[in-house]
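Trainee: Enclosed is the structure file model17.cif (mmCIF, C-alpha atoms).
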```cif
data_final
loop_
_atom_site.label_atom_id
_atom_site.label_comp_id
_atom_site.auth_asym_id
_atom_site.auth_seq_id
_atom_site.Cartn_x
_atom_site.Cartn_y
_atom_site.Cartn_z
CA MET I 1 25.43 70.13 50.44
CA ARG I 2 28.70 68.28 50.88
CA ASP I 3 29.98 66.54 47.80
CA ALA I 4 31.03 62.90 47.58
CA MET I 5 34.78 63.65 47.81
CA GLN I 6 34.35 65.63 51.05
CA ILE I 7 32.37 62.74 52.52
CA LYS I 8 35.05 60.27 51.36
CA ASN I 9 37.82 62.42 52.92
CA GLN I 10 35.90 62.73 56.21
CA THR I 11 35.17 59.00 56.30
CA GLN I 12 38.81 58.11 55.63
CA LEU I 13 40.10 60.50 58.30
CA SER I 14 37.49 59.40 60.85
CA THR I 15 38.29 55.73 60.20
CA TYR I 16 42.02 56.38 60.65
CA ILE I 17 41.51 58.26 63.94
CA PHE I 18 39.05 55.67 65.29
CA SER I 19 41.39 52.80 64.38
CA PHE I 20 44.42 54.50 65.95
CA THR I 21 42.53 55.52 69.10
CA ASN I 22 41.39 51.93 69.65
CA SER I 23 44.79 50.39 68.92
CA PHE I 24 47.47 49.58 71.51
CA ALA I 25 49.95 52.00 69.90
CA GLU I 26 50.71 55.23 71.75
CA ARG I 27 52.05 56.89 68.58
CA GLU I 28 51.67 56.21 64.91
CA THR I 29 52.82 57.57 61.57
CA ALA I 30 50.92 56.54 58.46
CA PRO I 31 50.57 57.69 54.86
CA MET I 32 47.22 59.11 53.82
CA LYS I 33 45.82 60.46 50.58
CA LEU I 34 42.97 62.96 50.61
CA TYR I 35 41.32 64.77 47.73
CA ASN I 36 41.85 68.54 47.55
CA PRO I 37 38.85 70.05 45.71
CA ALA I 38 40.63 73.37 45.11
CA LEU I 39 43.47 71.63 43.27
CA LYS I 40 41.20 68.90 41.87
CA GLN I 41 43.70 66.23 42.80
CA GLU I 42 44.65 63.80 45.51
CA ILE I 43 47.30 65.03 47.97
CA GLU I 44 49.64 62.74 49.87
CA TYR I 45 49.92 63.38 53.61
CA ASP I 46 52.02 62.04 56.44
CA ALA I 47 49.59 61.46 59.32
CA ARG I 48 51.22 61.52 62.76
CA SER I 49 49.13 60.70 65.79
CA GLY I 50 49.61 60.39 69.50
CA LYS I 51 47.46 59.70 72.54
CA ILE I 52 47.06 61.75 75.69
CA PHE I 53 46.14 59.66 78.73
CA ASN I 54 44.27 60.63 81.90
CA GLU I 55 45.41 59.80 85.43
CA ARG I 56 43.79 56.33 85.18
CA GLY I 57 45.74 55.49 82.02
CA GLN I 58 42.74 55.81 79.73
CA VAL I 59 42.90 57.69 76.44
CA SER I 60 41.51 61.18 76.97
CA PHE I 61 42.52 62.70 73.64
CA THR I 62 43.96 61.72 70.31
CA VAL I 63 46.08 64.32 68.52
CA SER I 64 46.69 63.96 64.79
CA VAL I 65 48.72 66.19 62.51
CA LEU I 66 48.61 65.91 58.73
CA ARG I 67 51.69 67.09 56.86
CA ASP I 68 51.24 67.82 53.16
CA LEU I 69 54.04 65.98 51.34
CA THR I 70 53.59 67.83 48.01
CA ALA I 71 56.70 70.01 48.45
CA VAL I 72 58.78 67.07 49.74
CA ARG I 73 57.81 64.95 46.72
CA LYS I 74 58.59 67.84 44.34
CA VAL I 75 62.10 68.24 45.81
CA GLU I 76 62.65 64.48 45.52
CA GLN I 77 61.54 64.62 41.88
CA LEU I 78 63.85 67.57 41.12
CA LYS I 79 66.81 65.74 42.68
CA VAL I 80 66.19 62.74 40.44
CA GLU I 81 65.75 64.90 37.34
CA ALA I 82 68.75 67.18 38.01
CA PRO I 83 71.94 66.39 36.15
CA HIS I 84 74.53 64.71 38.34
CA ALA I 85 77.48 66.93 39.20
CA GLY I 86 80.77 65.68 37.82
CA ASP I 87 79.24 63.42 35.14
#
```
Show the structure stored in the file as structure tokens.

Mentor:
Amino acid sequence: MRDAMQIKNQTQLSTYIFSFTNSFAERETAPMKLYNPALKQEIEYDARSGKIFNERGQVSFTVSVLRDLTAVRKVEQLKVEAPHAGD
């Protein structure tokens, strides 16, 4: 049986894709937070989506890529915490 967090993640992702697919935008980048049960924490993602159109100009496919921003945020944090050179 799927737990509540998996259902919440799926609902959030489905809502995002549905909203983007039905918008006028051809491409979109949006922040998204989903719960990772293995880590028992919420992970921040960069969601990038684009549409693929058929010969009549109708949306045939929506492609979405989620990029885990954990490593990016960690590097940003380390830069802030690192002593400034020349101080």

Trainee: Could you write out as a list in words the residues that the PyMOL selection byres ((chain I and resi 69-81) around 8) matches in the shown file?

Mentor: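 So the PyMOL selection byres ((chain I and resi 69-81) around 8), applied here, picks out Ile43, Glu44, Tyr45, Asp46, Arg67, Asp68, Ala82 and Pro83 of chain I.
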
Trainee: May I ask for the distance between atom CA of Val59 of chain I and atom CA of Gln10 of chain I, given in Å to one decimal place?

Mentor: 22.0 Å

Trainee: Quick one: apply the PyMOL selection byres ((chain I and resi 65) around 6) to the file and drop the selected residues here as a list in words.

Mentor: Ala47, Arg48, Ser64 and Leu66 of chain I

Trainee: So how far away is atom CA of Thr62 of chain I from atom CA of Phe18 of chain I, in Å?

Mentor: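 Between these atoms lies a distance of 9.3 Å.
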
Trainee: Quick one: everything within 12 Å of Phe53 of chain I, counting only C-alpha atoms, minus sequence neighbours fewer than 3 positions away in the same chain. Send it as a list of chain:residue names.

Mentor: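 Counting only the stated atoms, we get I:Thr21, I:Glu26, I:Gly50, I:Arg56, I:Gly57, I:Gln58, I:Val59, I:Ser60, I:Phe61, I:Thr62, I:Val63.
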
Trainee: Measuring atom to atom with all atoms listed in the file, identify which of I:Thr11, I:Asn54, I:Gln6, I:Asn22 is nearest to Pro37 of chain I.

Mentor: I:Gln6

Trainee: If I take atom CA of Ile17 of chain I and atom CA of Met5 of chain I, how far is one from the other in Å, to one decimal?

Mentor: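 So the answer is 18.3 Å.
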